$ cat upload06.txt   # compact mmCIF, C-alpha atoms and all ligand atoms
# COMPACT_ATOMS: atom_id res chain seq x y z
CA MET A 1 -63.85 66.27 -3.43
CA ALA A 2 -66.28 68.61 -5.10
CA ALA A 3 -68.19 67.39 -8.10
CA GLY A 4 -68.96 69.22 -11.30
CA GLY A 5 -66.95 71.90 -13.04
CA ARG A 6 -64.28 72.80 -10.52
CA VAL A 7 -60.98 70.99 -10.96
CA GLU A 8 -59.10 69.83 -7.90
CA LEU A 9 -55.40 69.06 -8.02
CA GLY A 10 -53.50 66.42 -6.09
CA PHE A 11 -49.93 66.86 -4.84
CA VAL A 12 -47.71 64.34 -3.07
CA GLU A 13 -46.47 65.05 0.43
CA GLU A 14 -44.59 63.10 3.07
CA ALA A 15 -46.93 62.05 5.87
CA PRO A 16 -46.71 60.07 9.12
CA ALA A 17 -47.77 56.45 8.57
CA TRP A 18 -50.81 56.69 10.86
CA ARG A 19 -52.43 59.32 8.66
CA LEU A 20 -52.46 56.87 5.76
CA LEU A 21 -54.46 54.22 7.67
CA SER A 22 -57.90 53.21 6.44
CA ARG A 23 -59.71 54.86 9.34
CA TYR A 24 -58.34 58.28 8.35
CA PHE A 25 -59.78 57.85 4.82
CA PRO A 26 -56.58 58.90 3.06
CA SER A 27 -55.83 59.72 -0.54
CA LYS A 28 -52.35 58.33 -1.07
CA VAL A 29 -49.69 57.02 -3.43
CA GLY A 30 -47.77 53.77 -2.99
CA GLY A 31 -47.24 51.47 -0.03
CA ARG A 32 -50.04 48.99 0.60
CA PRO A 33 -53.65 49.87 -0.17
CA ALA A 34 -55.59 51.39 2.75
CA TRP A 35 -58.72 49.38 2.01
CA LEU A 36 -62.04 51.10 2.68
CA GLY A 37 -64.75 48.40 2.87
CA GLN A 38 -63.51 45.25 4.57
CA ALA A 39 -65.66 42.87 2.55
CA ARG A 40 -65.51 41.64 -1.01
CA LEU A 41 -62.05 42.98 -1.85
CA PRO A 42 -60.72 42.39 -5.37
CA VAL A 43 -59.60 38.77 -5.67
CA PRO A 44 -56.02 38.06 -6.86
CA GLU A 45 -57.22 37.16 -10.37
CA GLU A 46 -58.77 40.63 -10.73
CA LEU A 47 -55.48 42.29 -9.78
CA ARG A 48 -53.37 40.62 -12.42
CA CYS A 49 -51.92 42.53 -15.33
CA GLY A 50 -53.89 41.83 -18.48
CA CYS A 51 -50.62 41.54 -20.45
CA CYS A 52 -48.12 39.50 -18.41
CA GLN A 53 -50.53 38.03 -15.79
CA GLN A 54 -48.25 39.10 -12.91
CA PRO A 55 -49.87 40.69 -9.82
CA CYS A 56 -50.23 44.46 -10.21
CA ALA A 57 -48.81 46.84 -7.60
CA PHE A 58 -50.91 49.40 -5.75
CA LEU A 59 -50.31 52.79 -7.38
CA LEU A 60 -52.67 55.22 -5.63
CA GLN A 61 -56.08 55.74 -4.06
CA VAL A 62 -58.38 58.75 -4.09
CA TYR A 63 -60.96 59.38 -1.37
CA ALA A 64 -63.94 60.84 -3.22
CA PRO A 65 -67.30 60.72 -1.40
CA VAL A 66 -70.43 61.81 -3.27
CA SER A 67 -72.48 64.42 -1.46
CA GLY A 68 -76.21 63.79 -1.34
CA ARG A 69 -75.75 60.03 -1.58
CA THR A 70 -76.04 58.28 1.78
CA ASP A 71 -74.53 55.09 0.35
CA CYS A 72 -71.43 57.04 -0.83
CA PHE A 73 -70.68 58.89 2.42
CA HIS A 74 -67.31 57.16 2.16
CA ARG A 75 -66.05 56.35 -1.29
CA THR A 76 -62.54 55.49 -2.50
CA LEU A 77 -61.04 54.67 -5.89
CA PHE A 78 -58.04 52.33 -6.00
CA LEU A 79 -55.61 52.19 -8.91
CA PHE A 80 -53.18 49.31 -9.53
CA CYS A 81 -50.57 48.94 -12.25
CA CYS A 82 -48.10 46.39 -13.56
CA ARG A 83 -44.44 46.79 -12.59
CA ASN A 84 -43.21 45.23 -15.79
CA PRO A 85 -42.06 47.92 -18.27
CA VAL A 86 -42.68 45.72 -21.31
CA CYS A 87 -46.44 45.83 -20.58
CA TYR A 88 -46.54 49.58 -21.23
CA SER A 89 -46.89 49.40 -24.97
CA PRO A 90 -48.78 52.19 -26.71
CA SER A 91 -52.53 51.78 -27.13
CA ASP A 92 -52.72 49.18 -24.40
CA ASN A 93 -54.64 49.82 -21.16
CA ARG A 94 -54.42 46.29 -19.82
CA CYS A 95 -51.58 46.94 -17.37
CA PHE A 96 -53.94 49.00 -15.16
CA ARG A 97 -56.79 47.96 -12.90
CA VAL A 98 -59.02 50.48 -11.13
CA PHE A 99 -61.62 49.70 -8.44
CA ARG A 100 -64.33 51.64 -6.64
CA ASN A 101 -65.68 50.96 -3.17
CA GLN A 102 -68.19 52.91 -1.07
CA LEU A 103 -69.83 52.79 2.36
CA PRO A 104 -72.64 54.61 4.17
CA ARG A 105 -71.77 56.77 7.18
CA LYS A 106 -73.28 54.18 9.51
CA ASN A 107 -71.33 51.00 8.90
CA ASP A 108 -69.75 48.12 10.82
CA THR A 109 -66.14 49.19 10.31
CA TYR A 110 -65.69 52.90 10.99
CA SER A 111 -66.97 55.28 13.64
CA TYR A 112 -69.88 57.52 12.73
CA ASP A 113 -67.86 60.62 13.58
CA PRO A 114 -64.77 61.67 11.67
CA PRO A 115 -61.43 60.50 13.14
CA PRO A 116 -59.50 62.99 15.31
CA GLU A 117 -56.56 64.66 13.57
CA GLU A 118 -54.03 62.94 15.82
CA PRO A 119 -52.20 59.61 16.01
CA PRO A 120 -54.36 56.68 17.16
CA LEU A 121 -54.11 55.70 20.83
CA GLU A 122 -54.65 52.03 20.14
CA GLY A 123 -54.52 49.60 17.25
CA PRO A 124 -51.90 49.42 14.52
CA THR A 125 -50.05 52.59 13.57
CA CYS A 126 -49.10 51.45 10.11
CA VAL A 127 -50.91 49.44 7.46
CA ASP A 128 -51.63 46.00 8.87
CA LEU A 129 -51.24 42.62 7.21
CA GLN A 130 -54.79 41.63 7.97
CA LEU A 131 -58.21 43.20 7.73
CA GLN A 132 -60.08 44.10 10.91
CA SER A 133 -62.11 40.95 10.37
CA GLY A 134 -58.89 38.91 10.58
CA VAL A 135 -58.82 38.08 6.87
CA PRO A 136 -55.11 37.80 5.94
CA LEU A 137 -53.45 40.03 3.34
CA CYS A 138 -50.46 39.24 1.15
CA ARG A 139 -47.14 40.03 2.85
CA VAL A 140 -45.79 41.49 -0.38
CA CYS A 141 -48.58 43.56 -1.89
CA GLY A 142 -51.22 44.02 0.84
CA CYS A 143 -54.03 42.57 -1.27
CA LEU A 144 -56.12 39.52 -0.33
CA GLY A 145 -53.83 36.65 0.68
CA PRO A 146 -55.76 33.40 0.39
CA LYS A 147 -52.59 31.30 -0.05
CA THR A 148 -50.61 30.24 3.04
CA CYS A 149 -47.01 29.09 3.41
CA ALA A 150 -47.32 25.29 3.63
CA ARG A 151 -44.46 25.02 6.15
CA CYS A 152 -45.16 27.63 8.82
CA HIS A 153 -48.83 28.36 8.04
CA LYS A 154 -48.18 31.93 9.19
CA ALA A 155 -47.27 33.79 6.04
CA HIS A 156 -50.04 34.68 3.58
CA TYR A 157 -49.84 35.53 -0.10
CA CYS A 158 -52.02 36.56 -3.00
CA SER A 159 -50.16 34.29 -5.38
CA LYS A 160 -47.31 31.89 -5.93
CA ASP A 161 -45.38 34.81 -7.49
CA HIS A 162 -45.40 36.74 -4.24
CA GLN A 163 -44.64 33.70 -2.13
CA VAL A 164 -41.47 33.19 -4.19
CA LEU A 165 -40.58 36.88 -3.86
CA ASP A 166 -40.97 36.77 -0.08
CA TRP A 167 -39.07 33.49 0.23
CA LYS A 168 -36.06 34.99 -1.53
CA ALA A 169 -36.35 38.29 0.36
CA GLY A 170 -36.01 36.59 3.75
CA HIS A 171 -38.86 34.26 4.62
CA LYS A 172 -36.49 31.38 3.88
CA GLN A 173 -34.62 32.26 7.11
CA TYR A 174 -37.65 32.84 9.32
CA CYS A 175 -40.06 30.19 8.09
CA SER A 176 -38.74 27.48 10.44
CA ILE A 177 -38.42 29.73 13.51
CA GLN A 178 -41.04 28.91 16.13
CA SER A 179 -42.65 32.28 16.78
CA ASP A 180 -45.47 34.32 15.38
CA HIS A 181 -42.88 36.31 13.40
CA SER A 182 -44.40 39.56 14.65
CA ASP A 183 -40.96 40.72 15.82
CA VAL A 184 -39.51 40.26 12.35
CA ALA A 185 -39.66 43.39 10.22
CA LEU A 186 -41.09 42.92 6.76
CA PRO A 187 -38.29 42.76 4.19
CA ASP A 188 -38.20 45.17 1.27
CA HIS A 189 -39.52 43.09 -1.60
CA LYS A 190 -38.81 45.93 -4.03
CA PHE A 191 -42.40 45.61 -5.14
CA LEU A 192 -44.30 48.47 -3.49
CA PHE A 193 -44.03 52.05 -4.71
CA PRO A 194 -42.76 54.72 -2.29
CA GLU A 195 -45.58 55.93 -0.05
CA TYR A 196 -46.89 59.52 0.07
CA GLU A 197 -50.05 61.29 1.06
CA ILE A 198 -52.00 63.00 -1.74
CA VAL A 199 -53.00 66.51 -0.67
CA ILE A 200 -55.90 68.04 -2.60
CA GLU A 201 -56.21 71.72 -3.51
CA PRO A 202 -58.56 73.54 -5.89
CA GLU A 203 -57.04 74.67 -9.17
CA GLU A 204 -56.58 78.45 -9.03
CA VAL A 205 -59.21 80.56 -10.73
CA GLU A 206 -56.76 82.89 -12.55
CA TYR A 207 -56.32 80.04 -14.89
CA LYS A 208 -59.80 80.67 -16.31
CA GLU A 209 -58.92 84.11 -17.62
CA GLU A 210 -55.73 82.83 -19.10
CA MET A 211 -57.55 79.97 -20.75
CA GLN A 212 -60.11 82.39 -22.11
CA GLU A 213 -57.35 84.24 -23.93
CA ASP A 214 -56.14 80.93 -25.13
CA VAL A 215 -59.55 79.97 -26.46
CA ASP A 216 -59.69 83.32 -28.27
CA SER A 217 -56.32 82.80 -29.88
CA SER A 218 -57.21 79.26 -30.91
CA VAL A 219 -60.35 80.64 -32.52
CA ASN A 220 -58.10 82.95 -34.53
CA THR A 221 -55.88 80.07 -35.47
CA LYS A 222 -58.90 78.12 -36.56
CA THR A 223 -59.96 81.00 -38.79
CA CYS A 224 -56.50 80.94 -40.34
CA THR A 225 -56.68 77.17 -40.80
CA ASP A 226 -60.01 77.60 -42.51
CA ALA A 227 -58.33 80.26 -44.60
CA THR A 228 -55.64 77.75 -45.51
CA ALA A 229 -58.27 75.30 -46.65
CA ALA A 230 -60.03 78.00 -48.61
CA ALA A 231 -56.77 79.03 -50.27
CA VAL A 232 -55.96 75.45 -51.19
CA SER A 233 -59.35 75.02 -52.75
CA GLY A 234 -58.53 77.83 -55.13
CA MET A 235 -60.30 80.75 -53.52
CA GLN A 236 -58.36 83.98 -53.49
CA LEU A 237 -57.32 85.40 -50.16
CA GLU A 238 -55.70 88.76 -49.92
CA CYS A 239 -54.71 88.72 -46.25
CA LEU A 240 -52.16 85.92 -46.51
CA ASN A 241 -49.62 85.04 -49.15
CA GLU A 242 -48.54 81.53 -50.00
CA GLU A 243 -45.37 81.60 -47.93
CA GLU A 244 -47.23 82.68 -44.82
CA LEU A 245 -49.78 79.93 -45.26
CA GLU A 246 -47.02 77.38 -45.71
CA ALA A 247 -45.25 78.46 -42.51
CA MET A 248 -48.49 78.37 -40.58
CA ALA A 249 -49.36 74.89 -41.68
CA LYS A 250 -45.96 73.70 -40.48
CA HIS A 251 -46.13 75.36 -37.09
CA GLU A 252 -49.69 74.82 -36.12
CA THR A 253 -50.28 71.14 -36.40
CA LYS A 254 -53.10 69.86 -34.29
CA GLU A 255 -50.69 67.72 -32.30
CA ASP A 256 -48.51 70.68 -31.32
CA LYS A 257 -51.53 72.62 -30.19
CA VAL A 258 -52.90 69.89 -27.95
CA PHE A 259 -49.52 69.37 -26.34
CA GLU A 260 -48.90 73.11 -25.97
CA GLU A 261 -52.25 73.51 -24.26
CA PHE A 262 -51.50 70.60 -21.94
CA LYS A 263 -48.16 72.11 -20.99
CA LYS A 264 -49.62 75.57 -20.49
CA ARG A 265 -52.30 74.28 -18.18
CA ILE A 266 -50.02 72.22 -15.97
CA ALA A 267 -47.39 74.97 -15.91
CA LEU A 268 -49.66 76.82 -13.47
CA GLU A 269 -49.09 74.05 -10.92
CA PRO A 270 -46.18 72.01 -12.28
CA GLU A 271 -46.10 69.57 -9.35
CA GLN A 272 -49.64 68.28 -9.82
CA ILE A 273 -49.82 64.50 -9.99
CA LEU A 274 -53.61 64.24 -10.11
CA ARG A 275 -56.52 66.16 -11.58
CA TYR A 276 -59.98 65.45 -10.18
CA CYS A 277 -63.23 66.68 -11.74
CA ALA A 278 -66.16 64.26 -11.55
CA GLY A 279 -68.21 64.53 -14.72
CA GLY A 280 -65.80 67.11 -16.16
CA ASP A 281 -63.25 66.70 -18.92
CA PRO A 282 -59.67 65.44 -18.77
CA ILE A 283 -56.88 67.36 -20.44
CA TRP A 284 -55.21 65.37 -23.19
CA ILE A 285 -51.49 65.25 -23.82
CA SER A 286 -51.94 64.38 -27.48
CA SER A 287 -54.64 64.43 -30.13
CA GLU A 288 -53.89 60.76 -30.76
CA LYS A 289 -55.77 58.07 -28.92
CA VAL A 290 -58.47 60.18 -27.33
CA PRO A 291 -61.22 57.61 -26.61
CA GLN A 292 -64.44 57.69 -28.55
CA GLU A 293 -67.54 57.52 -26.40
CA LYS A 294 -68.18 53.95 -27.48
CA GLU A 295 -64.69 52.92 -26.37
CA ILE A 296 -65.48 53.88 -22.77
CA LEU A 297 -67.26 50.74 -21.68
CA ASN A 298 -70.45 51.02 -19.64
CA CYS A 299 -70.56 49.88 -16.01
CA PRO A 300 -71.85 46.31 -15.58
CA CYS A 301 -74.96 47.92 -13.97
CA GLY A 302 -75.77 49.37 -17.40
CA ALA A 303 -75.00 53.03 -16.60
CA LYS A 304 -72.60 55.15 -18.59
CA ARG A 305 -69.14 55.74 -17.20
CA ILE A 306 -67.99 59.35 -16.87
CA PHE A 307 -64.60 61.00 -16.34
CA GLU A 308 -63.59 61.24 -12.70
CA PHE A 309 -59.83 61.76 -12.39
CA GLN A 310 -56.58 61.59 -14.29
CA VAL A 311 -53.04 60.79 -13.20
CA MET A 312 -50.37 63.10 -14.54
CA PRO A 313 -46.89 62.14 -15.80
CA GLN A 314 -45.32 64.04 -12.87
CA LEU A 315 -46.15 61.09 -10.63
CA LEU A 316 -43.49 59.05 -12.43
CA ASN A 317 -40.79 61.23 -10.85
CA TYR A 318 -41.84 60.08 -7.39
CA LEU A 319 -42.14 56.42 -8.31
CA LYS A 320 -38.61 56.30 -9.65
CA ALA A 321 -37.27 57.10 -6.20
CA ASP A 322 -36.55 53.41 -5.70
CA SER A 323 -34.99 53.07 -9.17
CA LEU A 324 -36.59 49.68 -9.77
CA ASP A 325 -38.43 50.56 -12.95
CA GLU A 326 -36.64 52.73 -15.43
CA SER A 327 -39.35 52.67 -17.96
CA ILE A 328 -42.89 52.21 -16.81
CA ASP A 329 -44.35 55.22 -18.52
CA TRP A 330 -47.47 57.14 -19.45
CA GLY A 331 -48.58 60.51 -20.77
CA THR A 332 -51.72 60.53 -18.68
CA LEU A 333 -54.01 57.91 -17.12
CA VAL A 334 -57.69 58.70 -17.27
CA ALA A 335 -60.23 57.01 -14.97
CA TYR A 336 -63.90 56.70 -15.93
CA THR A 337 -66.38 55.55 -13.27
CA CYS A 338 -70.05 54.59 -13.07
CA SER A 339 -72.20 57.74 -13.36
CA GLU A 340 -74.77 56.12 -11.04
CA HIS A 341 -72.23 55.21 -8.31
CA CYS A 342 -73.91 51.81 -8.21
CA SER A 343 -73.26 49.87 -5.03
CA CYS A 344 -72.96 46.36 -6.49
CA GLU A 345 -73.71 45.00 -2.99
CA ASN A 346 -70.66 46.72 -1.50
CA LYS A 347 -68.32 44.81 -3.74
CA TYR A 348 -65.11 46.43 -4.96
CA THR A 349 -66.29 47.23 -8.47
CA GLU A 350 -63.84 47.41 -11.34
CA GLU A 351 -63.94 50.65 -13.33
CA PHE A 352 -62.35 51.79 -16.59
CA MET A 353 -58.87 53.15 -17.19
CA TRP A 354 -57.50 54.77 -20.33
CA LYS A 355 -53.79 55.36 -20.97
CA GLN A 356 -52.58 58.06 -23.30
CA ASP A 357 -48.92 58.18 -24.25
CA PHE A 358 -46.58 60.97 -25.22
CA LEU A 359 -46.51 60.99 -28.97
CA CYS A 360 -43.04 60.21 -30.30
CA THR A 361 -42.35 62.21 -33.41
ZN ZN A 401 -47.71 43.22 -16.94
ZN ZN A 402 -49.34 39.76 -3.31
ZN ZN A 403 -43.30 29.92 5.99
ZN ZN A 404 -72.69 51.06 -12.19
$ encode --input "upload06.txt" --output "structure tokens"
Amino acid sequence: MAAGGRVELGFVEEAPAWRLLSRYFPSKVGGRPAWLGQARLPVPEELRCGCCQQPCAFLLQVYAPVSGRTDCFHRTLFLFCCRNPVCYSPSDNRCFRVFRNQLPRKNDTYSYDPPPEEPPLEGPTCVDLQLQSGVPLCRVCGCLGPKTCARCHKAHYCSKDHQVLDWKAGHKQYCSIQSDHSDVALPDHKFLFPEYEIVIEPEEVEYKEEMQEDVDSSVNTKTCTDATAAAVSGMQLECLNEEELEAMAKHETKEDKVFEEFKKRIALEPEQILRYCAGGDPIWISSEKVPQEKEILNCPCGAKRIFEFQVMPQLLNYLKADSLDESIDWGTLVAYTCSEHCSCENKYTEEFMWKQDFLCT
């Protein structure tokens, strides 16, 4: 991921399971999180929806190291969201949780050299239900699983909610069987999102010229809007008559323009599900509910948070593949992260998420 100015786009692609393992440092959608650091993961309480208090599901992760920072040689952002459609009310960001974790190149978990571009010869070939340290993960969501089934002491969960889900989905039948259960395939709890790799490509440069034209035309429009104001305030304008001014005011509302610009920009790469530009600017889908600077909360370390990536509405098309949620919805999700990339003692640090909705008119 390059920082500053250049926008990079993310697209979903099918990928073999091994490529989405932690040691390949993937960017990915759905499935279980491919945790980066193995210590100080988010605790279950931190992964609950701020509205309904249910555990959030893993939505996506973005591998985004920071060049020139030895402590950010590896760096991944993890985004979680609630599966409950009623939590997606407008002007409410509480159904999302986003975390940042980073590691130096020399660390206790991963090899110093990049992994070979081939399937692993040993170890698990799909996301495991425990960390390399042996710390158990929840069978349902793949997050920390400090709770254990009281009967078999083999199944681990993040919460009572997920224990109940697993019990109904099949653990009821296997709990009493005397084995390590490793031969029993995990049931489909209908909780995880479908899994894909996120492939990153730079946004094409031609766009710049096109946008330049666009900026020019919006300057013209602005002049006309100023002209409208001038006309209203009683000044005489010869270039436009009243009817023309009237028509213009109707057609060129600010809202239309923001949405038109959004559509125009994504039309160049309609399949994009992610836009990445550390320290750059997001593109807004509406002129409503754009955060003020003071609404973007500072990092607990005291540093300002800056824009890092946004999730596009196109991602919803891929999530609906399992038809569980008809109506979790967003216009765009905008992630702001600590401008200092503070380490917080290698903890998974919570960052700031902003949801903007399509404006219903
Ligand atoms: Zn919720
Ligand atoms: Zn869980
Ligand atoms: Zn059990
Ligand atoms: Zn910070």
$ residues_around --input "upload06.txt" --residues "Cys277 in chain A" --least-positions-apart "3" --cutoff "12 Å" --atoms "only C-alpha atoms" --output "PyMOL selection string"
chain A and resi 1-10+64+200-203+274+280-283+306-311+334-337
$ residues_around --input "upload06.txt" --residues "Leu316 in chain A" --least-positions-apart "2" --cutoff "10 Å" --atoms "only C-alpha atoms" --output "number ranges by chain"
A: 273, 311-314, 318-321, 325-331
$ closest_residue --input "upload06.txt" --among "A:Cys72, A:Cys49, A:Ala17, A:Cys138" --to "ligand ZN 402 (chain A)" --atoms "only C-alpha atoms and all ligand atoms"
A:Cys138
$ residues_near_ligand --input "upload06.txt" --ligand "ligand ZN 404 (chain A)" --cutoff "9 Å" --atoms "all atoms listed in the file" --output "list in words"
Asn298, Cys299, Pro300, Cys301, Gly302, Ala303, Lys304, Arg305, Thr337, Cys338, Ser339, Glu340, His341, Cys342, Ser343, Cys344, Thr349 and Glu351 of chain A
$ write_last_selection --input "upload06.txt" --atoms "C-alpha atoms" --output "PDB file, in the coordinates of the input"
ATOM      1  CA  ASN A 298     -70.450  51.020 -19.640  1.00  0.00           C
ATOM      2  CA  CYS A 299     -70.560  49.880 -16.010  1.00  0.00           C
ATOM      3  CA  PRO A 300     -71.850  46.310 -15.580  1.00  0.00           C
ATOM      4  CA  CYS A 301     -74.960  47.920 -13.970  1.00  0.00           C
ATOM      5  CA  GLY A 302     -75.770  49.370 -17.400  1.00  0.00           C
ATOM      6  CA  ALA A 303     -75.000  53.030 -16.600  1.00  0.00           C
ATOM      7  CA  LYS A 304     -72.600  55.150 -18.590  1.00  0.00           C
ATOM      8  CA  ARG A 305     -69.140  55.740 -17.200  1.00  0.00           C
ATOM      9  CA  THR A 337     -66.380  55.550 -13.270  1.00  0.00           C
ATOM     10  CA  CYS A 338     -70.050  54.590 -13.070  1.00  0.00           C
ATOM     11  CA  SER A 339     -72.200  57.740 -13.360  1.00  0.00           C
ATOM     12  CA  GLU A 340     -74.770  56.120 -11.040  1.00  0.00           C
ATOM     13  CA  HIS A 341     -72.230  55.210  -8.310  1.00  0.00           C
ATOM     14  CA  CYS A 342     -73.910  51.810  -8.210  1.00  0.00           C
ATOM     15  CA  SER A 343     -73.260  49.870  -5.030  1.00  0.00           C
ATOM     16  CA  CYS A 344     -72.960  46.360  -6.490  1.00  0.00           C
ATOM     17  CA  THR A 349     -66.290  47.230  -8.470  1.00  0.00           C
ATOM     18  CA  GLU A 351     -63.940  50.650 -13.330  1.00  0.00           C
TER      19      GLU A 351
END
$ atom_distance --input "upload06.txt" --atom1 "CA of Trp18 in chain A" --atom2 "CA of Thr125 in chain A"
5.0 Å
$ atom_distance --input "upload06.txt" --atom1 "CA of Ala15 in chain A" --atom2 "CA of Leu315 in chain A"
16.5 Å
$ residues_near_ligand --input "upload06.txt" --ligand "ligand ZN 403 (chain A)" --cutoff "7 Å" --atoms "only C-alpha atoms and all ligand atoms" --output "mmCIF file with C-alpha atoms, in the coordinates of the input"
data_model
loop_
_atom_site.group_PDB
_atom_site.id
_atom_site.type_symbol
_atom_site.label_atom_id
_atom_site.label_comp_id
_atom_site.auth_asym_id
_atom_site.auth_seq_id
_atom_site.Cartn_x
_atom_site.Cartn_y
_atom_site.Cartn_z
ATOM 1 C CA CYS A 149 -47.010 29.090 3.410
ATOM 2 C CA ALA A 150 -47.320 25.290 3.630
ATOM 3 C CA ARG A 151 -44.460 25.020 6.150
ATOM 4 C CA CYS A 152 -45.160 27.630 8.820
ATOM 5 C CA HIS A 153 -48.830 28.360 8.040
ATOM 6 C CA LYS A 154 -48.180 31.930 9.190
ATOM 7 C CA ALA A 155 -47.270 33.790 6.040
ATOM 8 C CA HIS A 171 -38.860 34.260 4.620
ATOM 9 C CA CYS A 175 -40.060 30.190 8.090
ATOM 10 C CA SER A 176 -38.740 27.480 10.440
#
$ closest_residue --input "upload06.txt" --among "A:Phe80, A:Phe11, A:Trp354, A:Trp35" --to "ligand ZN 401 (chain A)" --atoms "all atoms listed in the file"
A:Phe80
$ closest_residue --input "upload06.txt" --among "A:Cys52, A:Leu192, A:Leu359, A:Val98" --to "ligand ZN 402 (chain A)" --atoms "all atoms listed in the file"
A:Leu192
$ residues_near_ligand --input "upload06.txt" --ligand "ligand ZN 402 (chain A)" --cutoff "9 Å" --atoms "all atoms listed in the file" --output "short mmCIF file (atom, residue, chain, number, x, y, z; two decimals) with C-alpha atoms, in the coordinates of the input"
data_model
loop_
_atom_site.label_atom_id
_atom_site.label_comp_id
_atom_site.auth_asym_id
_atom_site.auth_seq_id
_atom_site.Cartn_x
_atom_site.Cartn_y
_atom_site.Cartn_z
CA PRO A 44 -56.02 38.06 -6.86
CA PRO A 55 -49.87 40.69 -9.82
CA CYS A 56 -50.23 44.46 -10.21
CA ALA A 57 -48.81 46.84 -7.60
CA LEU A 137 -53.45 40.03 3.34
CA CYS A 138 -50.46 39.24 1.15
CA ARG A 139 -47.14 40.03 2.85
CA VAL A 140 -45.79 41.49 -0.38
CA CYS A 141 -48.58 43.56 -1.89
CA GLY A 142 -51.22 44.02 0.84
CA CYS A 143 -54.03 42.57 -1.27
CA LEU A 144 -56.12 39.52 -0.33
CA GLY A 145 -53.83 36.65 0.68
CA HIS A 156 -50.04 34.68 3.58
CA TYR A 157 -49.84 35.53 -0.10
CA CYS A 158 -52.02 36.56 -3.00
CA SER A 159 -50.16 34.29 -5.38
CA LYS A 160 -47.31 31.89 -5.93
CA ASP A 161 -45.38 34.81 -7.49
CA HIS A 162 -45.40 36.74 -4.24
CA GLN A 163 -44.64 33.70 -2.13
#
$ atom_distance --input "upload06.txt" --atom1 "CA of Leu186 in chain A" --atom2 "CA of Gln130 in chain A"
13.8 Å
$ closest_residue --input "upload06.txt" --among "A:Arg40, A:Leu21, A:Gln61, A:Pro85" --to "ligand ZN 401 (chain A)" --atoms "all atoms listed in the file"
A:Pro85
$ residues_near_ligand --input "upload06.txt" --ligand "ligand ZN 401 (chain A)" --cutoff "8 Å" --atoms "only C-alpha atoms and all ligand atoms" --output "PyMOL selection string"
chain A and resi 48-56+81-88+94-95
$ residues_around --input "upload06.txt" --residues "Asp71 in chain A" --least-positions-apart "5" --cutoff "7 Å" --atoms "only C-alpha atoms" --output "VMD selection string"
chain A and resid 102 to 104
$ closest_residue --input "upload06.txt" --among "A:Ala34, A:Val66, A:Ile266, A:Ala169" --to "Leu20 in chain A" --atoms "all atoms listed in the file"
A:Ala34
$ residues_near_point --input "upload06.txt" --point "(-35.1, 43.6, 6.0)" --cutoff "12 Å" --atoms "all atoms listed in the file" --output "number ranges by chain"
A: 166, 168-171, 173-174, 183-190
$ closest_residue --input "upload06.txt" --among "A:Gly279, A:Gly31, A:Pro120, A:Pro136" --to "Tyr196 in chain A" --atoms "all atoms listed in the file"
A:Gly31
$ build_atoms --input "upload06.txt" --residues "range 69-80 of chain A" --atoms "N, CA and C atoms" --output "mmCIF file, in the coordinates of the input"
data_model
loop_
_atom_site.group_PDB
_atom_site.id
_atom_site.type_symbol
_atom_site.label_atom_id
_atom_site.label_comp_id
_atom_site.auth_asym_id
_atom_site.auth_seq_id
_atom_site.Cartn_x
_atom_site.Cartn_y
_atom_site.Cartn_z
ATOM 1 N N ARG A 69 -75.505 61.469 -1.420
ATOM 2 C CA ARG A 69 -75.750 60.030 -1.580
ATOM 3 C C ARG A 69 -75.349 59.333 -0.278
ATOM 4 N N THR A 70 -76.355 58.875 0.484
ATOM 5 C CA THR A 70 -76.040 58.280 1.780
ATOM 6 C C THR A 70 -75.176 57.028 1.637
ATOM 7 N N ASP A 71 -75.326 56.316 0.527
ATOM 8 C CA ASP A 71 -74.530 55.090 0.350
ATOM 9 C C ASP A 71 -73.105 55.392 -0.110
ATOM 10 N N CYS A 72 -72.798 56.650 -0.406
ATOM 11 C CA CYS A 72 -71.430 57.040 -0.830
ATOM 12 C C CYS A 72 -70.844 58.048 0.150
ATOM 13 N N PHE A 73 -71.230 57.956 1.423
ATOM 14 C CA PHE A 73 -70.680 58.890 2.420
ATOM 15 C C PHE A 73 -69.159 58.722 2.454
ATOM 16 N N HIS A 74 -68.722 57.461 2.387
ATOM 17 C CA HIS A 74 -67.310 57.160 2.160
ATOM 18 C C HIS A 74 -67.197 56.525 0.781
ATOM 19 N N ARG A 75 -66.207 56.920 0.051
ATOM 20 C CA ARG A 75 -66.050 56.350 -1.290
ATOM 21 C C ARG A 75 -64.586 56.512 -1.683
ATOM 22 N N THR A 76 -63.952 55.417 -2.116
ATOM 23 C CA THR A 76 -62.540 55.490 -2.500
ATOM 24 C C THR A 76 -62.308 54.735 -3.801
ATOM 25 N N LEU A 77 -61.444 55.308 -4.636
ATOM 26 C CA LEU A 77 -61.040 54.670 -5.890
ATOM 27 C C LEU A 77 -59.604 54.177 -5.730
ATOM 28 N N PHE A 78 -59.350 52.965 -6.162
ATOM 29 C CA PHE A 78 -58.040 52.330 -6.000
ATOM 30 C C PHE A 78 -57.475 51.996 -7.364
ATOM 31 N N LEU A 79 -56.238 52.429 -7.611
ATOM 32 C CA LEU A 79 -55.610 52.190 -8.910
ATOM 33 C C LEU A 79 -54.366 51.304 -8.741
ATOM 34 N N PHE A 80 -54.300 50.257 -9.544
ATOM 35 C CA PHE A 80 -53.180 49.310 -9.530
ATOM 36 C C PHE A 80 -52.528 49.295 -10.906
#
